[in-house]
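First the structure, in the form of structure tokens, and then the observations on it.
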Amino acid sequence: MGEKPKSGGVWPTVKPFVNGGASGMLATCVIQPIDMIKVRIQLGQGSAVDVTKTMLKNEGFGAFYKGLSAGLLRQATYTTARLGSFRILTNKAIEANEGKPLPLYQKALCGLTAGAIGACFGSPADLALIRMQADATLPLAQRRHYTNAFHALSRIVADEGVLALWKGAGPTVVRAMALNMGMLASYDQSVEFCRDNLGMSEAATVVGASSVSGFFAAACSLPFDYVKTQIQKMQPDAEGKLPYSGSFDCAMKTLKAGGPFKFYTGFPVYCVRIAPHVMMTWIFLNQIQKAEKKLGL
């Protein structure tokens with residue numbers, strides 16, 4: 001997929017990170033409304049149609065872009081780190097493999113590692129995004145009224161301490177590892193198959209591979225995303241007791257209450273949200289790389 005960095009200078013080293021973050025932020029600007037609907041569905045507000053009607057009626061069109069600043073901050077941290085580190089890791093692995101294409105399991109391992117790295121950097125912004133999107137669903141007395149991502153982060157630090165920025169980081173990291181294993185490994189594998197076996201054009205290869213990448217990213221990550229969302233938005237009851245003691249407790253209670261398919265609540269909307277975001281991230285990345293080649297960067 002990406003070309004091997006040229007030696008010398010700082011830019012070849014940082015370029016995969018800059019390109020990854022830029023492509024993710026552009027994709028987020030398009031996908032934010034669908035992501036907002038997905039979160040509301042997971043919080044039990046009804047179907048996609050019901051949520052959309054309710055939001056338009058009660059909150060207006062601007063509600064679909066609530067949390068956009070946190071979403072952009074998340075891409076600037078999480079996607080910058082995961083796509084950049086994935087390209088660095090695969091380039092190093094290809095060097096160790098004497099320039100030969102990597103087997104799928106090595107790509108999966110690179111994806112798992114890149115996902116963990118990205119999640120560690122992006123977890124604070126992810127927490128701010130979830131809370132901003134869920135705020136309108138809380139009782140009025142419990143709403144936090146964050147105005148933007150930086151206000152949310154500063155309030156969390158002031159009210160709950162610095163370590164609270166990584167609340168739910170465990171399931172966030174696991175979810176990111178699953179998503180990036182599916183997304184990154186399947187994309188590189190699909191690019192090789194479409195280009196080398198099917199002889200497809202560059203444009204068709206990018207679209208086809210990114211579609212496969214989006215599906216596997218959604219299928220691998222939704223159960224972990226569901227648990228992560230429940231942990232990050234939970235509130236203590238009147239006695240100060242939280243509904244879940246941790247991600248494992250949340251998973252077990254969810255499994256007992258609703259069975260395994262409960263973890264796939266909102267899967268159609270989640271897939272519709274994840275797959276286009278993944279596709280546009282890869283397409284934007286491809287276009288950025290082509291522009292850089294024309295400019296000689």
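Letters A, B, ... go to the chains of the structure tokens in the order shown; residues in each chain start at 1; ligands are counted from 1 in the same order.
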* as a ChimeraX atom specification, list the residues of region 57-262 of chain A assigned to alpha helix (DSSP H) by DSSP on the backbone atoms of this structure. => /A:57-58,68-74,80-96,104-134,149-160,169-180,186-192,202-233,247-258
* Asked: Any idea what's packed within 10 Å of region 79-92 of chain A, counting only C-alpha atoms, ignoring anything in its chain fewer than 2 positions away? Could you give it as JSON, numbers by chain?
  -> {"A": [1, 2, 3, 4, 5, 13, 14, 15, 16, 17, 18, 19, 20, 21, 22, 23, 24, 25, 72, 73, 74, 75, 76, 77, 94, 95, 96, 97, 99, 101, 102, 106, 107, 109, 110, 111, 112, 113, 114, 115, 116, 117, 118, 119, 120, 121, 122, 176, 177, 180, 184, 185, 188, 281, 285]}
Please report, as CSV, each residue of region 196-270 of chain A lying at most 9 Å from region 32-39 of chain A, together with the nearest pair of atoms and the separation in Å rounded to one decimal; use only C-alpha atoms, and order rows by chain and ascending residue number.
```
residue,atom,partner,partner_atom,distance
A:Thr229,CA,A:Val39,CA,7.9
A:Gly266,CA,A:Lys38,CA,6.6
A:Phe267,CA,A:Lys38,CA,8.7
A:Val269,CA,A:Lys38,CA,6.0
A:Tyr270,CA,A:Lys38,CA,5.9
```
Any chance you can output those residues with all heavy atoms as a PDB file, in the first residue's frame?
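File written: out.pdb
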```pdb
ATOM      1  N   THR A 229     -18.638   2.071  25.452  1.00  0.00           N
ATOM      2  CA  THR A 229     -19.619   3.152  25.558  1.00  0.00           C
ATOM      3  C   THR A 229     -20.376   3.076  26.876  1.00  0.00           C
ATOM      4  O   THR A 229     -20.598   4.101  27.542  1.00  0.00           O
ATOM      5  CB  THR A 229     -20.606   3.093  24.382  1.00  0.00           C
ATOM      6  OG1 THR A 229     -19.895   3.228  23.156  1.00  0.00           O
ATOM      7  CG2 THR A 229     -21.638   4.216  24.478  1.00  0.00           C
ATOM      8  N   GLY A 266     -27.460  -1.924  17.308  1.00  0.00           N
ATOM      9  CA  GLY A 266     -27.110  -0.832  16.404  1.00  0.00           C
ATOM     10  C   GLY A 266     -26.083  -1.191  15.350  1.00  0.00           C
ATOM     11  O   GLY A 266     -25.471  -0.294  14.765  1.00  0.00           O
ATOM     12  N   PHE A 267     -25.922  -2.510  15.069  1.00  0.00           N
ATOM     13  CA  PHE A 267     -24.888  -2.922  14.102  1.00  0.00           C
ATOM     14  C   PHE A 267     -25.080  -2.315  12.712  1.00  0.00           C
ATOM     15  O   PHE A 267     -24.101  -1.857  12.110  1.00  0.00           O
ATOM     16  CB  PHE A 267     -24.797  -4.442  13.997  1.00  0.00           C
ATOM     17  CG  PHE A 267     -23.764  -4.905  13.005  1.00  0.00           C
ATOM     18  CD1 PHE A 267     -22.409  -4.816  13.295  1.00  0.00           C
ATOM     19  CD2 PHE A 267     -24.137  -5.403  11.762  1.00  0.00           C
ATOM     20  CE1 PHE A 267     -21.444  -5.215  12.386  1.00  0.00           C
ATOM     21  CE2 PHE A 267     -23.181  -5.810  10.843  1.00  0.00           C
ATOM     22  CZ  PHE A 267     -21.842  -5.715  11.157  1.00  0.00           C
ATOM     23  N   VAL A 269     -26.365   0.551  11.749  1.00  0.00           N
ATOM     24  CA  VAL A 269     -25.917   1.947  11.768  1.00  0.00           C
ATOM     25  C   VAL A 269     -24.425   2.020  12.063  1.00  0.00           C
ATOM     26  O   VAL A 269     -23.692   2.825  11.462  1.00  0.00           O
ATOM     27  CB  VAL A 269     -26.711   2.761  12.813  1.00  0.00           C
ATOM     28  CG1 VAL A 269     -26.129   4.158  12.971  1.00  0.00           C
ATOM     29  CG2 VAL A 269     -28.165   2.847  12.396  1.00  0.00           C
ATOM     30  N   TYR A 270     -23.942   1.180  12.969  1.00  0.00           N
ATOM     31  CA  TYR A 270     -22.511   1.158  13.301  1.00  0.00           C
ATOM     32  C   TYR A 270     -21.698   0.802  12.059  1.00  0.00           C
ATOM     33  O   TYR A 270     -20.672   1.434  11.766  1.00  0.00           O
ATOM     34  CB  TYR A 270     -22.255   0.148  14.420  1.00  0.00           C
ATOM     35  CG  TYR A 270     -20.815   0.074  14.875  1.00  0.00           C
ATOM     36  CD1 TYR A 270     -20.287   1.039  15.725  1.00  0.00           C
ATOM     37  CD2 TYR A 270     -19.984  -0.973  14.472  1.00  0.00           C
ATOM     38  CE1 TYR A 270     -18.969   0.968  16.157  1.00  0.00           C
ATOM     39  CE2 TYR A 270     -18.668  -1.050  14.902  1.00  0.00           C
ATOM     40  CZ  TYR A 270     -18.164  -0.083  15.742  1.00  0.00           C
ATOM     41  OH  TYR A 270     -16.860  -0.150  16.162  1.00  0.00           O
TER      42      TYR A 270
END
```
* What does the distance from CA of Ile274 (chain A) to CA of Met200 (chain A) come to in Å, to one decimal? ->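 Taking CA of Ile274 (chain A) as the start and CA of Met200 (chain A) as the end point, the length is 24.4 Å.
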* To do: Choose the residue, out of A:Ser210, A:Ser247, A:Ser221, A:Thr172, that has the smallest atom-to-atom separation from Tyr187 (chain A); count only C-alpha atoms.
  =>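 Closest to Tyr187 (chain A), using only C-alpha atoms: A:Ser210.
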* In Å, with one decimal, what is the gap from CA of Gln45 (chain A) to CA of Ser123 (chain A)? ->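 Taking CA of Gln45 (chain A) as the start and CA of Ser123 (chain A) as the end point, the length is 24.9 Å.
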* Asked: Which residue out of A:Gln133, A:Gln189, A:Ser245, A:Gln287 has the minimum interatomic distance to Ala152 (chain A) when only C-alpha atoms are used?
  -> A:Gln133
* Asked: Between A:Ile231, A:Cys271, A:Cys194, A:Leu153, which one has atoms that come closest to Phe215 (chain A), using only C-alpha atoms?
  ->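 Closest candidate: A:Cys271.
Between CA of Leu26 (chain A) and CA of Ala164 (chain A) lies a distance of 28.4 Å.
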I want to know what sits within 9 Å of Leu129 (chain A), based on only C-alpha atoms, with residues of the same chain fewer than 2 positions away left out; could you give that as a PDB file with N, CA and C atoms, in the first residue's frame?
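As written to disk, result.pdb reads:
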```
ATOM      1  N   LYS A  66     -22.740  17.803  17.431  1.00  0.00           N
ATOM      2  CA  LYS A  66     -22.300  17.980  18.812  1.00  0.00           C
ATOM      3  C   LYS A  66     -21.136  17.032  19.074  1.00  0.00           C
ATOM      4  N   GLY A  67     -20.070  17.545  19.603  1.00  0.00           N
ATOM      5  CA  GLY A  67     -18.896  16.721  19.849  1.00  0.00           C
ATOM      6  C   GLY A  67     -17.928  16.675  18.678  1.00  0.00           C
ATOM      7  N   LEU A  68     -18.158  17.496  17.636  1.00  0.00           N
ATOM      8  CA  LEU A  68     -17.256  17.476  16.479  1.00  0.00           C
ATOM      9  C   LEU A  68     -15.835  17.856  16.873  1.00  0.00           C
ATOM     10  N   SER A  69     -15.696  18.844  17.766  1.00  0.00           N
ATOM     11  CA  SER A  69     -14.352  19.254  18.179  1.00  0.00           C
ATOM     12  C   SER A  69     -13.616  18.098  18.848  1.00  0.00           C
ATOM     13  N   ALA A  70     -14.352  17.307  19.662  1.00  0.00           N
ATOM     14  CA  ALA A  70     -13.734  16.146  20.298  1.00  0.00           C
ATOM     15  C   ALA A  70     -13.410  15.071  19.264  1.00  0.00           C
ATOM     16  N   GLY A  71     -14.305  14.934  18.266  1.00  0.00           N
ATOM     17  CA  GLY A  71     -14.049  13.957  17.210  1.00  0.00           C
ATOM     18  C   GLY A  71     -12.804  14.301  16.410  1.00  0.00           C
ATOM     19  N   ARG A  74      -9.818  13.666  18.536  1.00  0.00           N
ATOM     20  CA  ARG A  74      -9.570  12.231  18.603  1.00  0.00           C
ATOM     21  C   ARG A  74      -8.816  11.759  17.373  1.00  0.00           C
ATOM     22  N   PRO A 124      -8.250  10.090  25.948  1.00  0.00           N
ATOM     23  CA  PRO A 124      -8.884  11.285  26.541  1.00  0.00           C
ATOM     24  C   PRO A 124      -9.881  11.961  25.607  1.00  0.00           C
ATOM     25  N   ALA A 125      -9.515  12.129  24.338  1.00  0.00           N
ATOM     26  CA  ALA A 125     -10.436  12.752  23.387  1.00  0.00           C
ATOM     27  C   ALA A 125     -11.649  11.871  23.145  1.00  0.00           C
ATOM     28  N   ASP A 126     -11.457  10.559  23.172  1.00  0.00           N
ATOM     29  CA  ASP A 126     -12.571   9.631  22.981  1.00  0.00           C
ATOM     30  C   ASP A 126     -13.559   9.736  24.136  1.00  0.00           C
ATOM     31  N   LEU A 127     -13.043   9.863  25.354  1.00  0.00           N
ATOM     32  CA  LEU A 127     -13.901  10.036  26.521  1.00  0.00           C
ATOM     33  C   LEU A 127     -14.704  11.329  26.413  1.00  0.00           C
ATOM     34  N   ARG A 131     -18.893  11.577  26.114  1.00  0.00           N
ATOM     35  CA  ARG A 131     -19.663  12.347  27.101  1.00  0.00           C
ATOM     36  C   ARG A 131     -20.432  13.495  26.451  1.00  0.00           C
ATOM     37  N   MET A 132     -19.826  14.154  25.472  1.00  0.00           N
ATOM     38  CA  MET A 132     -20.516  15.253  24.799  1.00  0.00           C
ATOM     39  C   MET A 132     -21.704  14.749  23.997  1.00  0.00           C
ATOM     40  N   GLN A 133     -21.552  13.589  23.354  1.00  0.00           N
ATOM     41  CA  GLN A 133     -22.633  13.021  22.564  1.00  0.00           C
ATOM     42  C   GLN A 133     -23.761  12.487  23.441  1.00  0.00           C
ATOM     43  N   ALA A 134     -23.420  11.990  24.636  1.00  0.00           N
ATOM     44  CA  ALA A 134     -24.424  11.386  25.517  1.00  0.00           C
ATOM     45  C   ALA A 134     -25.069  12.400  26.463  1.00  0.00           C
ATOM     46  N   ALA A 149     -14.360  20.276  23.128  1.00  0.00           N
ATOM     47  CA  ALA A 149     -13.505  19.187  23.606  1.00  0.00           C
ATOM     48  C   ALA A 149     -12.551  19.646  24.704  1.00  0.00           C
ATOM     49  N   ALA A 152     -14.336  20.128  27.920  1.00  0.00           N
ATOM     50  CA  ALA A 152     -14.628  18.823  28.520  1.00  0.00           C
ATOM     51  C   ALA A 152     -13.399  18.252  29.213  1.00  0.00           C
TER      52      ALA A 152
END
```
* Which is closest to Ser213 (chain A) among A:Pro171, A:Gly296, A:Pro268, A:Pro276, if we use only C-alpha atoms? -> A:Pro276
* **Shortest interatomic distance to Val191 (chain A) - which of A:Ala136, A:Leu295, A:Ala27, A:Trp282, counting only C-alpha atoms** =>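 With only C-alpha atoms as the atom set, the closest residue is A:Trp282.
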* To do: Compile the contact shell of Lys253 (chain A) as number ranges by chain: residues with an atom at most 10 Å away, counting only C-alpha atoms, same-chain residues fewer than 5 positions apart removed.
  => A: 243-244, 247-248, 258-259
Could you save those same residues with all heavy atoms as an mmCIF file, in the first residue's frame?
```cif
data_model
loop_
_atom_site.group_PDB
_atom_site.id
_atom_site.type_symbol
_atom_site.label_atom_id
_atom_site.label_comp_id
_atom_site.auth_asym_id
_atom_site.auth_seq_id
_atom_site.Cartn_x
_atom_site.Cartn_y
_atom_site.Cartn_z
ATOM 1 N N PRO A 243 -23.242 1.170 37.975
ATOM 2 C CA PRO A 243 -23.906 -0.049 37.489
ATOM 3 C C PRO A 243 -22.943 -1.175 37.153
ATOM 4 O O PRO A 243 -23.316 -2.350 37.215
ATOM 5 C CB PRO A 243 -24.650 0.429 36.234
ATOM 6 C CG PRO A 243 -23.953 1.677 35.814
ATOM 7 C CD PRO A 243 -23.469 2.324 37.077
ATOM 8 N N TYR A 244 -21.694 -0.841 36.798
ATOM 9 C CA TYR A 244 -20.711 -1.865 36.451
ATOM 10 C C TYR A 244 -19.414 -1.595 37.201
ATOM 11 O O TYR A 244 -18.997 -0.444 37.364
ATOM 12 C CB TYR A 244 -20.426 -1.873 34.947
ATOM 13 C CG TYR A 244 -21.655 -1.918 34.076
ATOM 14 C CD1 TYR A 244 -22.009 -0.828 33.280
ATOM 15 C CD2 TYR A 244 -22.467 -3.047 34.045
ATOM 16 C CE1 TYR A 244 -23.128 -0.864 32.474
ATOM 17 C CE2 TYR A 244 -23.591 -3.085 33.239
ATOM 18 C CZ TYR A 244 -23.927 -1.995 32.459
ATOM 19 O OH TYR A 244 -25.043 -2.035 31.665
ATOM 20 N N SER A 247 -15.140 -3.376 32.796
ATOM 21 C CA SER A 247 -15.565 -3.824 31.471
ATOM 22 C C SER A 247 -15.990 -5.288 31.464
ATOM 23 O O SER A 247 -16.951 -5.665 30.781
ATOM 24 C CB SER A 247 -14.439 -3.598 30.459
ATOM 25 O OG SER A 247 -13.249 -4.242 30.872
ATOM 26 N N PHE A 248 -15.293 -6.133 32.230
ATOM 27 C CA PHE A 248 -15.666 -7.551 32.266
ATOM 28 C C PHE A 248 -17.039 -7.728 32.910
ATOM 29 O O PHE A 248 -17.875 -8.516 32.428
ATOM 30 C CB PHE A 248 -14.611 -8.357 33.032
ATOM 31 C CG PHE A 248 -14.888 -9.837 33.056
ATOM 32 C CD1 PHE A 248 -14.646 -10.624 31.945
ATOM 33 C CD2 PHE A 248 -15.409 -10.439 34.206
ATOM 34 C CE1 PHE A 248 -14.908 -11.992 31.962
ATOM 35 C CE2 PHE A 248 -15.676 -11.802 34.238
ATOM 36 C CZ PHE A 248 -15.417 -12.585 33.109
ATOM 37 N N GLY A 258 -29.092 -9.867 27.799
ATOM 38 C CA GLY A 258 -29.569 -9.807 26.417
ATOM 39 C C GLY A 258 -28.993 -10.814 25.467
ATOM 40 O O GLY A 258 -29.354 -10.816 24.281
ATOM 41 N N GLY A 259 -28.068 -11.665 25.947
ATOM 42 C CA GLY A 259 -27.457 -12.639 25.063
ATOM 43 C C GLY A 259 -26.364 -12.017 24.207
ATOM 44 O O GLY A 259 -26.152 -10.796 24.233
#
```
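Among the candidate residues A:Met280, A:Tyr146, A:Gly246, A:Ala238, the one lying nearest to Cys29 (chain A) is A:Met280, with distances computed using only C-alpha atoms.
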